[in-house]
Every structure is written in structure tokens, then in C-alpha cells.
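So this block is query15.cif, mmCIF, C-alpha atoms and all ligand atoms:
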data_entry
loop_
_atom_site.label_atom_id
_atom_site.label_comp_id
_atom_site.auth_asym_id
_atom_site.auth_seq_id
_atom_site.Cartn_x
_atom_site.Cartn_y
_atom_site.Cartn_z
CA MET A 13 0.00 0.00 0.00
CA GLU A 14 1.35 3.42 -0.99
CA THR A 15 1.66 5.97 1.80
CA GLU A 16 0.98 9.65 1.30
CA LYS A 17 2.37 12.16 3.81
CA VAL A 18 0.35 15.24 4.67
CA LYS A 19 0.75 17.99 7.24
CA CYS A 20 -2.91 18.35 8.04
CA LEU A 21 -5.72 15.89 7.38
CA ILE A 22 -9.35 16.94 7.83
CA VAL A 23 -11.99 14.22 8.04
CA GLY A 24 -15.50 15.43 7.30
CA SER A 25 -17.15 18.08 5.15
CA GLY A 26 -19.77 19.83 7.27
CA PRO A 27 -19.39 23.39 8.58
CA ALA A 28 -16.63 22.25 10.99
CA GLY A 29 -14.56 20.48 8.31
CA TYR A 30 -14.85 23.25 5.73
CA THR A 31 -14.12 26.02 8.22
CA ALA A 32 -11.06 24.10 9.39
CA ALA A 33 -10.11 23.73 5.71
CA ILE A 34 -10.45 27.47 5.02
CA TYR A 35 -8.29 28.37 8.03
CA THR A 36 -5.61 25.70 7.56
CA SER A 37 -5.35 26.46 3.81
CA ARG A 38 -4.86 30.14 4.52
CA ALA A 39 -2.21 29.18 7.08
CA ASN A 40 -0.34 27.23 4.38
CA LEU A 41 -0.86 23.82 5.99
CA SER A 42 -1.91 22.36 2.60
CA PRO A 43 -4.80 20.42 4.11
CA VAL A 44 -6.28 17.30 2.56
CA LEU A 45 -9.99 16.95 3.33
CA TYR A 46 -11.98 13.71 2.96
CA GLU A 47 -15.66 14.38 2.46
CA GLY A 48 -17.02 11.20 4.08
CA ILE A 49 -20.33 9.41 3.64
CA GLN A 50 -22.46 12.51 3.27
CA PRO A 51 -20.51 15.24 1.41
CA GLY A 52 -21.51 18.60 2.87
CA GLY A 53 -22.86 16.97 6.02
CA GLN A 54 -26.26 17.23 7.62
CA LEU A 55 -27.00 20.70 6.25
CA THR A 56 -27.28 19.27 2.76
CA ILE A 57 -30.48 17.54 3.85
CA THR A 58 -32.02 20.49 5.63
CA THR A 59 -34.18 23.20 4.13
CA GLU A 60 -33.92 26.84 5.10
CA VAL A 61 -31.19 27.91 7.52
CA GLU A 62 -32.39 31.08 9.19
CA ASN A 63 -29.92 31.37 12.02
CA PHE A 64 -26.53 31.44 10.32
CA PRO A 65 -25.20 35.01 10.68
CA GLY A 66 -24.65 36.90 7.46
CA TYR A 67 -27.80 35.67 5.70
CA PRO A 68 -30.56 38.10 6.70
CA ASP A 69 -33.05 36.39 4.38
CA GLY A 70 -31.94 32.83 5.21
CA VAL A 71 -30.07 30.43 2.96
CA THR A 72 -30.72 26.81 2.00
CA GLY A 73 -28.50 24.20 3.66
CA PRO A 74 -27.08 22.90 0.34
CA GLU A 75 -26.26 26.45 -0.82
CA LEU A 76 -24.51 27.29 2.45
CA MET A 77 -22.39 24.15 2.21
CA GLU A 78 -21.59 24.71 -1.46
CA ASN A 79 -20.40 28.22 -0.56
CA MET A 80 -18.18 26.85 2.22
CA ARG A 81 -16.77 24.23 -0.15
CA LYS A 82 -15.97 26.86 -2.79
CA GLN A 83 -14.30 29.02 -0.15
CA ALA A 84 -12.10 26.10 0.95
CA LEU A 85 -11.21 25.33 -2.69
CA ARG A 86 -10.36 28.98 -3.32
CA PHE A 87 -7.53 28.73 -0.80
CA GLY A 88 -6.28 25.43 -2.18
CA THR A 89 -7.79 22.72 0.04
CA ASP A 90 -7.35 19.30 -1.57
CA ILE A 91 -10.95 17.98 -1.28
CA ARG A 92 -11.43 14.27 -1.95
CA ARG A 93 -14.16 11.67 -1.84
CA GLY A 94 -13.46 8.91 0.69
CA ILE A 95 -14.27 7.38 4.05
CA VAL A 96 -11.78 6.66 6.82
CA THR A 97 -11.94 2.92 7.45
CA SER A 98 -9.18 2.47 10.07
CA THR A 99 -6.78 4.48 12.17
CA ASP A 100 -3.50 4.12 14.03
CA PHE A 101 -2.79 7.01 16.37
CA SER A 102 -0.18 5.15 18.42
CA ARG A 103 2.57 7.51 17.25
CA ASN A 104 3.05 10.63 15.14
CA PRO A 105 2.78 10.76 12.14
CA TYR A 106 -0.69 9.37 12.65
CA LYS A 107 -1.94 6.78 10.19
CA VAL A 108 -5.33 6.70 8.56
CA ILE A 109 -6.60 4.27 5.92
CA VAL A 110 -9.16 5.65 3.49
CA ASP A 111 -11.63 3.31 1.75
CA GLY A 112 -9.53 0.35 2.92
CA LYS A 113 -6.85 1.10 0.35
CA THR A 114 -5.15 4.50 0.70
CA GLU A 115 -2.78 5.10 3.60
CA ILE A 116 -2.30 8.68 4.75
CA GLU A 117 0.33 9.72 7.30
CA ALA A 118 -0.65 12.99 8.90
CA GLU A 119 1.19 15.19 11.37
CA THR A 120 -2.08 16.60 12.58
CA ILE A 121 -5.70 15.51 12.11
CA ILE A 122 -8.97 17.37 12.52
CA VAL A 123 -11.88 14.99 13.07
CA ALA A 124 -15.10 16.63 11.91
CA THR A 125 -17.19 13.59 11.01
CA GLY A 126 -20.46 14.88 12.46
CA ALA A 127 -23.39 12.75 13.53
CA THR A 128 -25.94 10.49 11.80
CA ALA A 129 -29.72 10.20 12.18
CA LYS A 130 -30.97 7.67 14.74
CA TYR A 131 -33.70 5.09 14.20
CA LEU A 132 -36.10 3.64 16.78
CA GLY A 133 -34.66 0.16 16.33
CA LEU A 134 -37.91 -1.47 15.17
CA PRO A 135 -37.53 -4.40 12.75
CA ASP A 136 -40.22 -2.71 10.61
CA GLU A 137 -37.89 0.24 9.96
CA GLN A 138 -35.61 -2.20 8.12
CA LYS A 139 -38.49 -4.02 6.49
CA TYR A 140 -39.87 -0.81 4.97
CA ALA A 141 -36.54 0.91 4.28
CA GLY A 142 -36.97 2.79 1.01
CA MET A 143 -40.66 1.78 1.05
CA GLY A 144 -42.04 4.52 3.25
CA VAL A 145 -39.44 4.88 6.02
CA SER A 146 -37.04 7.82 5.86
CA ALA A 147 -34.87 9.95 8.13
CA CYS A 148 -34.81 12.88 5.75
CA ALA A 149 -37.95 14.82 4.89
CA THR A 150 -36.08 17.13 2.53
CA CYS A 151 -34.77 14.18 0.56
CA ASP A 152 -37.95 12.15 0.38
CA GLY A 153 -40.84 14.51 1.17
CA PHE A 154 -41.50 15.04 -2.51
CA PHE A 155 -42.82 11.48 -2.80
CA TYR A 156 -45.59 12.22 -0.32
CA ARG A 157 -47.39 15.09 -2.02
CA LYS A 158 -51.07 15.06 -0.99
CA LYS A 159 -50.48 11.95 1.13
CA VAL A 160 -50.46 11.35 4.89
CA VAL A 161 -47.18 11.10 6.77
CA ALA A 162 -45.90 10.83 10.33
CA VAL A 163 -42.80 12.33 11.89
CA VAL A 164 -41.39 10.89 15.12
CA GLY A 165 -39.71 13.19 17.63
CA GLY A 166 -40.33 16.31 19.66
CA GLY A 167 -37.18 18.36 19.03
CA ASP A 168 -36.37 21.12 16.56
CA THR A 169 -35.56 18.63 13.82
CA ALA A 170 -38.93 16.89 14.17
CA CYS A 171 -40.75 20.23 14.07
CA GLU A 172 -38.73 21.39 11.09
CA GLU A 173 -39.44 18.15 9.22
CA ALA A 174 -43.15 18.28 10.11
CA LEU A 175 -43.39 21.88 8.89
CA TYR A 176 -41.58 21.06 5.68
CA LEU A 177 -43.82 18.06 5.04
CA SER A 178 -46.96 20.05 5.88
CA GLY A 179 -46.31 22.05 2.71
CA LEU A 180 -46.42 18.89 0.62
CA ALA A 181 -48.55 16.31 2.37
CA LYS A 182 -52.27 16.33 3.07
CA ARG A 183 -51.76 15.61 6.77
CA VAL A 184 -48.76 15.25 9.06
CA TYR A 185 -48.85 13.44 12.40
CA LEU A 186 -46.12 14.43 14.82
CA ILE A 187 -45.59 11.48 17.17
CA VAL A 188 -44.15 12.69 20.48
CA ARG A 189 -43.42 10.31 23.34
CA LYS A 190 -43.65 12.97 26.09
CA PRO A 191 -46.58 15.27 26.89
CA TYR A 192 -44.62 18.27 25.56
CA LEU A 193 -42.26 19.29 22.76
CA ARG A 194 -38.58 19.79 23.43
CA ALA A 195 -38.24 22.11 20.41
CA SER A 196 -37.65 25.86 20.68
CA LYS A 197 -40.69 28.06 21.31
CA VAL A 198 -40.72 29.53 17.82
CA MET A 199 -40.76 26.08 16.21
CA GLN A 200 -43.48 24.89 18.60
CA GLU A 201 -45.64 27.87 17.72
CA ARG A 202 -45.23 27.22 14.01
CA VAL A 203 -46.22 23.59 14.46
CA PHE A 204 -49.27 24.39 16.60
CA SER A 205 -50.46 27.03 14.15
CA THR A 206 -50.18 24.76 11.11
CA GLU A 207 -53.63 23.45 10.35
CA ASN A 208 -52.61 20.12 8.78
CA ILE A 209 -50.19 19.04 11.54
CA THR A 210 -51.71 16.88 14.27
CA VAL A 211 -49.50 16.43 17.34
CA LEU A 212 -49.94 13.08 19.07
CA PHE A 213 -48.47 13.60 22.52
CA GLU A 214 -47.56 10.62 24.71
CA HIS A 215 -47.55 8.20 21.78
CA ASN A 216 -44.89 5.59 21.04
CA THR A 217 -44.51 3.74 17.76
CA VAL A 218 -44.31 -0.02 18.15
CA GLY A 219 -44.63 -1.17 14.54
CA LEU A 220 -45.55 -0.39 10.96
CA PHE A 221 -47.87 -2.22 8.62
CA GLY A 222 -48.63 -2.38 4.91
CA GLU A 223 -48.66 -4.75 1.95
CA ASN A 224 -46.22 -3.17 -0.52
CA GLY A 225 -44.91 -0.35 1.62
CA VAL A 226 -45.98 1.59 4.68
CA GLU A 227 -49.75 1.89 4.99
CA GLY A 228 -49.91 2.65 8.68
CA ALA A 229 -48.29 2.66 12.10
CA HIS A 230 -49.15 0.86 15.31
CA LEU A 231 -48.90 3.33 18.19
CA VAL A 232 -49.41 3.00 21.92
CA LYS A 233 -50.76 5.97 23.85
CA ARG A 234 -49.44 6.40 27.42
CA MET A 235 -47.38 3.26 27.09
CA GLY A 236 -46.81 1.45 30.39
CA GLU A 237 -49.56 3.40 32.20
CA ALA A 238 -52.79 1.89 33.56
CA ASP A 239 -54.81 3.63 30.83
CA GLU A 240 -52.46 2.63 27.99
CA GLU A 241 -54.27 2.44 24.67
CA LYS A 242 -53.43 0.96 21.26
CA VAL A 243 -53.87 3.39 18.37
CA ASP A 244 -53.38 2.64 14.66
CA ILE A 245 -52.94 5.47 12.19
CA ALA A 246 -53.10 5.21 8.39
CA ILE A 247 -50.00 6.80 6.86
CA ASP A 248 -48.02 6.55 3.62
CA GLY A 249 -44.67 7.73 4.98
CA PHE A 250 -42.85 7.43 8.30
CA PHE A 251 -40.08 9.93 9.07
CA LEU A 252 -37.59 9.62 11.93
CA ALA A 253 -36.36 12.79 13.62
CA ILE A 254 -35.21 11.56 17.01
CA GLY A 255 -31.67 12.80 17.15
CA HIS A 256 -28.28 11.66 16.00
CA LYS A 257 -25.36 9.36 16.76
CA PRO A 258 -21.85 10.82 16.60
CA ASN A 259 -19.69 9.30 13.84
CA SER A 260 -16.74 8.42 16.04
CA ASP A 261 -16.53 4.61 15.85
CA VAL A 262 -13.39 4.47 13.69
CA PHE A 263 -11.52 6.77 16.11
CA LYS A 264 -12.64 5.08 19.33
CA PRO A 265 -9.58 2.82 19.71
CA TRP A 266 -7.51 6.01 20.27
CA LEU A 267 -9.78 8.90 21.19
CA ASP A 268 -11.70 9.16 24.45
CA THR A 269 -15.46 9.41 23.98
CA ASP A 270 -18.41 9.79 26.34
CA GLU A 271 -20.98 7.02 26.83
CA VAL A 272 -22.95 8.13 23.73
CA GLY A 273 -19.83 8.28 21.55
CA TYR A 274 -19.15 12.02 21.44
CA ILE A 275 -15.38 12.62 21.31
CA LYS A 276 -14.18 14.18 24.55
CA THR A 277 -12.23 17.42 24.23
CA VAL A 278 -10.44 19.60 26.74
CA PRO A 279 -13.23 22.05 27.75
CA GLY A 280 -13.21 25.20 25.63
CA THR A 281 -10.76 23.69 23.11
CA PRO A 282 -10.91 21.10 20.31
CA LYS A 283 -7.98 19.15 21.86
CA THR A 284 -8.53 15.40 22.23
CA ASN A 285 -6.51 13.06 24.45
CA VAL A 286 -4.02 12.56 21.57
CA PRO A 287 -1.70 15.56 20.96
CA GLY A 288 -2.11 16.91 17.42
CA ILE A 289 -5.54 15.35 16.94
CA PHE A 290 -8.47 17.71 17.25
CA ALA A 291 -12.22 17.15 17.14
CA ALA A 292 -14.65 19.75 15.83
CA GLY A 293 -18.37 20.02 15.16
CA ASP A 294 -21.16 17.62 16.08
CA VAL A 295 -18.88 14.60 16.61
CA ALA A 296 -17.62 16.33 19.75
CA ASP A 297 -20.64 18.42 20.69
CA PRO A 298 -23.53 16.83 22.57
CA THR A 299 -24.86 20.22 23.63
CA TYR A 300 -25.10 22.92 20.95
CA ARG A 301 -24.97 21.05 17.60
CA GLN A 302 -25.50 24.13 15.48
CA ALA A 303 -23.95 25.00 12.12
CA ILE A 304 -22.42 28.13 13.62
CA THR A 305 -20.95 26.35 16.66
CA ALA A 306 -19.58 23.63 14.38
CA ALA A 307 -17.96 26.25 12.14
CA ALA A 308 -16.50 27.99 15.19
CA SER A 309 -15.00 24.78 16.54
CA GLY A 310 -13.54 24.04 13.08
CA CYS A 311 -11.81 27.41 13.24
CA LYS A 312 -10.45 26.63 16.72
CA ALA A 313 -9.21 23.22 15.56
CA ALA A 314 -7.41 24.81 12.60
CA ILE A 315 -5.67 27.35 14.84
CA GLU A 316 -4.69 24.61 17.29
CA ALA A 317 -3.36 22.44 14.44
CA GLU A 318 -1.22 25.34 13.24
CA ARG A 319 0.13 25.94 16.76
CA TYR A 320 0.82 22.25 17.22
CA LEU A 321 2.83 22.09 13.99
CA LEU A 322 4.78 25.22 14.95
CA GLY A 323 5.66 23.56 18.26
CA GLN A 324 6.91 20.34 16.65
P1 LIG B 401 -33.08 16.44 20.02
O1 LIG B 401 -32.16 15.57 20.75
O2 LIG B 401 -33.21 17.87 20.42
O3 LIG B 401 -34.56 15.84 20.07
C1 LIG B 401 -34.79 14.48 19.83
C2 LIG B 401 -36.28 14.23 19.97
O4 LIG B 401 -36.52 12.87 19.65
C3 LIG B 401 -36.78 14.45 21.40
O5 LIG B 401 -38.08 14.99 21.39
C4 LIG B 401 -36.79 13.03 21.95
O6 LIG B 401 -37.77 12.82 22.92
C5 LIG B 401 -37.16 12.23 20.73
N1 LIG B 401 -36.72 10.85 20.83
C6 LIG B 401 -35.47 10.38 21.04
N2 LIG B 401 -35.45 9.04 21.05
C7 LIG B 401 -36.73 8.65 20.86
C8 LIG B 401 -37.36 7.39 20.79
N3 LIG B 401 -36.68 6.25 20.90
N4 LIG B 401 -38.70 7.36 20.59
C9 LIG B 401 -39.42 8.49 20.45
N5 LIG B 401 -38.88 9.73 20.52
C10 LIG B 401 -37.55 9.80 20.71
O7 LIG B 401 -32.64 16.28 18.51
P2 LIG B 401 -32.92 17.20 17.25
O8 LIG B 401 -32.35 16.44 16.12
O9 LIG B 401 -34.31 17.63 17.18
O10 LIG B 401 -32.02 18.49 17.50
C11 LIG B 401 -30.63 18.40 17.76
C12 LIG B 401 -30.07 19.80 17.98
O11 LIG B 401 -30.12 20.57 16.78
C13 LIG B 401 -30.86 20.58 19.02
O12 LIG B 401 -29.96 21.34 19.78
C14 LIG B 401 -31.74 21.47 18.18
O13 LIG B 401 -32.12 22.64 18.85
C15 LIG B 401 -30.87 21.77 16.97
N6 LIG B 401 -31.65 22.08 15.77
C16 LIG B 401 -31.93 23.37 15.48
C17 LIG B 401 -32.67 23.71 14.37
C18 LIG B 401 -32.94 25.15 14.08
O14 LIG B 401 -32.63 25.99 14.92
N7 LIG B 401 -33.50 25.50 12.95
C19 LIG B 401 -33.21 22.69 13.45
C20 LIG B 401 -32.89 21.34 13.87
C21 LIG B 401 -32.15 21.06 14.98
P3 LIG B 401 -37.64 13.35 24.45
O15 LIG B 401 -37.88 14.82 24.39
O16 LIG B 401 -38.68 12.57 25.11
O17 LIG B 401 -36.24 12.98 24.88
#
Could the structure of this file be written out as C-alpha cells, please?
Amino acid sequence: METEKVKCLIVGSGPAGYTAAIYTSRANLSPVLYEGIQPGGQLTITTEVENFPGYPDGVTGPELMENMRKQALRFGTDIRRGIVTSTDFSRNPYKVIVDGKTEIEAETIIVATGATAKYLGLPDEQKYAGMGVSACATCDGFFYRKKVVAVVGGGDTACEEALYLSGLAKRVYLIVRKPYLRASKVMQERVFSTENITVLFEHNTVGLFGENGVEGAHLVKRMGEADEEKVDIAIDGFFLAIGHKPNSDVFKPWLDTDEVGYIKTVPGTPKTNVPGIFAAGDVADPTYRQAITAAASGCKAAIEAERYLLGQ
């Protein structure tokens, strides 16, 4: 296997990865960036981003990411397709294998691999994969024009997905396991004031049914309580919006993570337990998980990488 030596390797292409790329390119670190499974990251499957400073009228997620990519390219970032399949951080230069076949030796690495949508873990989610089950309303909502869909979750993502789908579908059920929404007030208000969204509080999904695709969901109201009740709803599409899992598995042999898998960093910095390896964005952020906080941590990681290389 041929080995390529680089000063700075960036893994991931969300706001954290691209911001790190812009900063490290401008600092002459000649970064190589691998885009990963979902080039552009989670924002490529979101709709309108209204809270990223500098866009008074909002911007679409894909457009924002394309702009960041172009900005990284402008300063010479070497952007490549590829997924890190194994790592060896036992000594510097650190080794990374991409797609099982390309070995990269890097003096410093910025891990910005983000997080991936979670599923409930029901066998029916597998059974109906691509046949009515989706974790991305923006990607698949189009197929449900004038149909009935359900979104599971009570956070901002679930509300955002429900609102997006309400513009396409005839009716949207929002299935929430608690008696309240966790989403921000503004999102809650939008959901409650949308005529074709029905919020089903205190409902859990236990299964899906249908002949050639999803035709409905088996729900249980107040599950585990004395007055628990079985409820079936007729739906054509079932969307998951119940949070994310950090994409840290391939780094776990070397980097400390919390019990969920978020990479642990020295508070206030992107420093991991391995000198010269930094973590930025959602893979290391169980708390804020915003595009702007990811971008900010990518900037910090780039500055730390530069300092680390100067100190070597
Ligand atoms: P959250 O972790 O905030 O919410 C997850 C939701 O899914 C919760 O309501 C949770 O329920 C529910 N849930 C989790 N597991 C299950 C399960 N097994 N069965 C049923 N329900 C389940 O994730 P989000 O993806 O919504 O948001 C992540 C972060 O991104 C947040 O900080 C959010 O504010 C931010 N965000 C901001 C947006 C914006 O500002 N435009 C848009 C999207 C996200 P419970 O409450 O009971 O735990």
C-alpha cells in the first residue's frame, strides 16, 4: 500500500470540516480533506437555515455548504471523496486508511465527522426501508405530495421536518413520546399554528404495517400506564427525527469518547486526548450542535493544528 504524507488531514465536510479547511489552507498547511459518507454533512439535507449570521433572508442548507466548499477550494484545500476505514494514532505521524486502500500519514488531524440520524430500532424500519421509512424529509418529502405522513420526535428537527412536510402532504402526524415538545418556542408555535399538523403527545410507535410499503403505524398511547391504549394510524410515509449518533466509531480505539460516543475534548478547546488530533463540530458536541458552533470549533481546531505544527 502506498503511503501519502500530509501535514494536516481533515476528516468530514460539514461546517466544521470546511471552516477548518479554510483556516488551515490560509495558514499554508496544505490540508487534505476527505468528504465522508455525506458530502456537505447534515445541512445538505435540511431546508432553510435562518440562524446562520450573514444571511438576513436565510439560505438553504445545500447552498450554504456549497459556498463553504468553494471558499475552501479557493484557498487550495485538496478535497477528496473517501471514508476513513481504520486508524493508528499510536505515534506521530498518525496513520489513517481511506476506503480500505489508501494510507495517509498525517502530522495533525482534525476529526469533523459529524453525527448520523438515529432510528427507533424497530424491525419494521428495516423491512420498509426505502418503502415509506425515511430519516430525511427534505430528501424524500417530494414522494408524499397530498399523502399522509408521520414524523417521530419532539425536538427542533422533528418540528422542522413536520413543517416542511406540511407544505407537501395532506396531513402530518407528529408522534411525540412525552406530553410536551422539546423544540424551541418559535418552532413549537409554528407547528401548533399549522392546520394540517396533528401532534400526538404521549404516543410511542411499536410497529408499521402495509402490503407493498408503509400503509400505517401501530402506536401506543401512554405506554406502560394503567390507561395505555393501542392506536393505529393510516400513513403513507414514516419519518424519523429523534436525534443523532456521533460518527466516532473508527476513532474510538484512540480517542476518548463519552458514553454516547461524542469525542471528549479539553473544555473550551478542540484538543482530544491525543496531541495533534483535534475534534470539531457535532462529533464532539452533545450540547449545541448548530452550524455556527460547528464552524466555530472548526476554526479553533485549525488554529490549534497550526500551533501544534509550529511547536513540533
Ligand atoms: P433532540 O435531541 O433535540 O430531540 C430528539 C427528539 O426525539 C426528542 O423529542 C426526543 O424525545 C425524541 N426521541 C429520542 N429518542 C426517541 C425514541 N426512541 N422514541 C421516540 N422519541 C424519541 O434532537 P434534534 O435532532 O431535534 O435536534 C438536535 C439539535 O439541533 C438541538 O440542539 C436542536 O435545537 C438543533 N436544531 C436546530 C434547528 C434550528 O434551529 N433550525 C433545526 C434542527 C435542529 P424526548 O424529548 O422525550 O427525549
Next item on the list: Write out as an MDAnalysis selection string which residues come within 9 Å of range 112-121 of chain A when counting only C-alpha atoms, dropping same-chain ones fewer than 6 positions away.
Entry: chainID A and resid 13:23 95:98 104:106 287:291 317:318 320:321
Counting only C-alpha atoms, which residues of range 106-188 of chain A fall within 9 Å of range 198-222 of chain A, and what is the closest atom pair for each with its distance in Å at one decimal, ordered by chain and rising number, as a tab-separated table?
residue	atom	partner	partner_atom	distance
A:Leu132	CA	A:Thr217	CA	8.5
A:Leu134	CA	A:Gly219	CA	6.8
A:Pro135	CA	A:Gly219	CA	8.0
A:Asp136	CA	A:Leu220	CA	5.8
A:Glu137	CA	A:Leu220	CA	7.8
A:Tyr140	CA	A:Leu220	CA	8.3
A:Val164	CA	A:Thr217	CA	8.2
A:Gly167	CA	A:Met199	CA	9.0
A:Asp168	CA	A:Met199	CA	6.6
A:Cys171	CA	A:Met199	CA	6.2
A:Glu172	CA	A:Met199	CA	7.2
A:Ala174	CA	A:Ile209	CA	7.2
A:Leu175	CA	A:Val203	CA	6.5
A:Ser178	CA	A:Asn208	CA	6.4
A:Gly179	CA	A:Asn208	CA	9.0
A:Ala181	CA	A:Asn208	CA	8.5
A:Lys182	CA	A:Asn208	CA	6.9
A:Arg183	CA	A:Asn208	CA	5.0
A:Val184	CA	A:Ile209	CA	4.7
A:Tyr185	CA	A:Thr210	CA	4.8
A:Leu186	CA	A:Val211	CA	4.7
A:Ile187	CA	A:Leu212	CA	5.0
A:Val188	CA	A:Phe213	CA	4.9
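A straight line drawn from atom C9 of ligand LIG 401 (chain B) to CA of Ala253 in chain A is 8.6 Å long.
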Go through chain A and flag each residue having an atom no more than 6 Å from ligand LIG 401 (chain B); for those, report the closest pair of atoms plus their distance in Å to one decimal, using all atoms listed in the file, ordered by chain and rising number, as a tab-separated table.
residue	atom	partner	partner_atom	distance
A:Leu132	CA	B:LIG401	N3	4.9
A:Gly165	CA	B:LIG401	O4	3.8
A:Gly166	CA	B:LIG401	O5	3.1
A:Gly167	CA	B:LIG401	O9	3.5
A:Asp168	CA	B:LIG401	O9	4.1
A:Thr169	CA	B:LIG401	O9	3.7
A:Ala170	CA	B:LIG401	O9	5.6
A:Arg189	CA	B:LIG401	C9	5.3
A:Lys190	CA	B:LIG401	O16	5.1
A:Arg194	CA	B:LIG401	O15	5.1
A:Ala253	CA	B:LIG401	O8	6.0
A:Ile254	CA	B:LIG401	O4	3.2
A:Gly255	CA	B:LIG401	O8	3.8
A:Tyr300	CA	B:LIG401	O12	5.2
A:Arg301	CA	B:LIG401	O11	5.2
A:Gln302	CA	B:LIG401	O11	6.0
Output of the above residues as a PDB file, in the coordinates of the input, restricted to C-alpha atoms:
ATOM      1  CA  LEU A 132     -36.100   3.640  16.780  1.00  0.00           C
ATOM      2  CA  GLY A 165     -39.710  13.190  17.630  1.00  0.00           C
ATOM      3  CA  GLY A 166     -40.330  16.310  19.660  1.00  0.00           C
ATOM      4  CA  GLY A 167     -37.180  18.360  19.030  1.00  0.00           C
ATOM      5  CA  ASP A 168     -36.370  21.120  16.560  1.00  0.00           C
ATOM      6  CA  THR A 169     -35.560  18.630  13.820  1.00  0.00           C
ATOM      7  CA  ALA A 170     -38.930  16.890  14.170  1.00  0.00           C
ATOM      8  CA  ARG A 189     -43.420  10.310  23.340  1.00  0.00           C
ATOM      9  CA  LYS A 190     -43.650  12.970  26.090  1.00  0.00           C
ATOM     10  CA  ARG A 194     -38.580  19.790  23.430  1.00  0.00           C
ATOM     11  CA  ALA A 253     -36.360  12.790  13.620  1.00  0.00           C
ATOM     12  CA  ILE A 254     -35.210  11.560  17.010  1.00  0.00           C
ATOM     13  CA  GLY A 255     -31.670  12.800  17.150  1.00  0.00           C
ATOM     14  CA  TYR A 300     -25.100  22.920  20.950  1.00  0.00           C
ATOM     15  CA  ARG A 301     -24.970  21.050  17.600  1.00  0.00           C
ATOM     16  CA  GLN A 302     -25.500  24.130  15.480  1.00  0.00           C
TER      17      GLN A 302
END
Next item on the list: Work out how far apart CA of Val243 in chain A and CA of Glu227 in chain A are and give it in Å to one decimal.
Entry: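 These atoms are spaced 14.1 Å apart.
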Please export range 91-107 of chain A as a short mmCIF file (atom, residue, chain, number, x, y, z; two decimals), in the first residue's frame, restricted to N, CA, C and O atoms.
data_model
loop_
_atom_site.label_atom_id
_atom_site.label_comp_id
_atom_site.auth_asym_id
_atom_site.auth_seq_id
_atom_site.Cartn_x
_atom_site.Cartn_y
_atom_site.Cartn_z
N ILE A 91 -9.70 18.64 -1.73
CA ILE A 91 -10.95 17.98 -1.28
C ILE A 91 -11.12 16.67 -2.05
O ILE A 91 -11.08 16.66 -3.28
N ARG A 92 -11.32 15.60 -1.31
CA ARG A 92 -11.43 14.27 -1.95
C ARG A 92 -12.64 13.51 -1.43
O ARG A 92 -13.05 13.71 -0.29
N ARG A 93 -13.13 12.61 -2.27
CA ARG A 93 -14.16 11.67 -1.84
C ARG A 93 -13.48 10.54 -1.06
O ARG A 93 -12.40 10.10 -1.48
N GLY A 94 -14.05 10.06 0.00
CA GLY A 94 -13.46 8.91 0.69
C GLY A 94 -13.90 8.85 2.14
O GLY A 94 -14.29 9.86 2.73
N ILE A 95 -13.84 7.63 2.67
CA ILE A 95 -14.27 7.38 4.05
C ILE A 95 -13.12 6.74 4.81
O ILE A 95 -12.50 5.79 4.32
N VAL A 96 -12.84 7.25 5.99
CA VAL A 96 -11.78 6.66 6.82
C VAL A 96 -12.26 5.32 7.35
O VAL A 96 -13.32 5.23 7.99
N THR A 97 -11.50 4.27 7.06
CA THR A 97 -11.94 2.92 7.45
C THR A 97 -11.13 2.36 8.62
O THR A 97 -11.58 1.44 9.29
N SER A 98 -9.91 2.87 8.85
CA SER A 98 -9.18 2.47 10.07
C SER A 98 -8.14 3.52 10.43
O SER A 98 -7.79 4.38 9.60
N THR A 99 -7.69 3.44 11.66
CA THR A 99 -6.78 4.48 12.17
C THR A 99 -5.69 3.85 13.03
O THR A 99 -5.90 2.79 13.64
N ASP A 100 -4.55 4.50 13.09
CA ASP A 100 -3.50 4.12 14.03
C ASP A 100 -2.88 5.41 14.56
O ASP A 100 -2.09 6.07 13.87
N PHE A 101 -3.28 5.77 15.77
CA PHE A 101 -2.79 7.01 16.37
C PHE A 101 -1.76 6.71 17.45
O PHE A 101 -1.57 7.49 18.37
N SER A 102 -1.11 5.53 17.35
CA SER A 102 -0.18 5.15 18.42
C SER A 102 1.06 6.03 18.43
O SER A 102 1.70 6.19 19.45
N ARG A 103 1.44 6.57 17.27
CA ARG A 103 2.57 7.51 17.25
C ARG A 103 2.42 8.48 16.07
O ARG A 103 1.70 8.19 15.11
N ASN A 104 3.08 9.62 16.20
CA ASN A 104 3.05 10.63 15.14
C ASN A 104 4.20 10.35 14.16
O ASN A 104 5.31 10.08 14.63
N PRO A 105 4.02 10.39 12.84
CA PRO A 105 2.78 10.76 12.14
C PRO A 105 1.68 9.71 12.31
O PRO A 105 1.95 8.51 12.31
N TYR A 106 0.46 10.23 12.42
CA TYR A 106 -0.69 9.37 12.65
C TYR A 106 -1.15 8.75 11.32
O TYR A 106 -1.11 9.42 10.29
N LYS A 107 -1.55 7.49 11.42
CA LYS A 107 -1.94 6.78 10.19
C LYS A 107 -3.45 6.65 10.07
O LYS A 107 -4.13 6.33 11.06
#
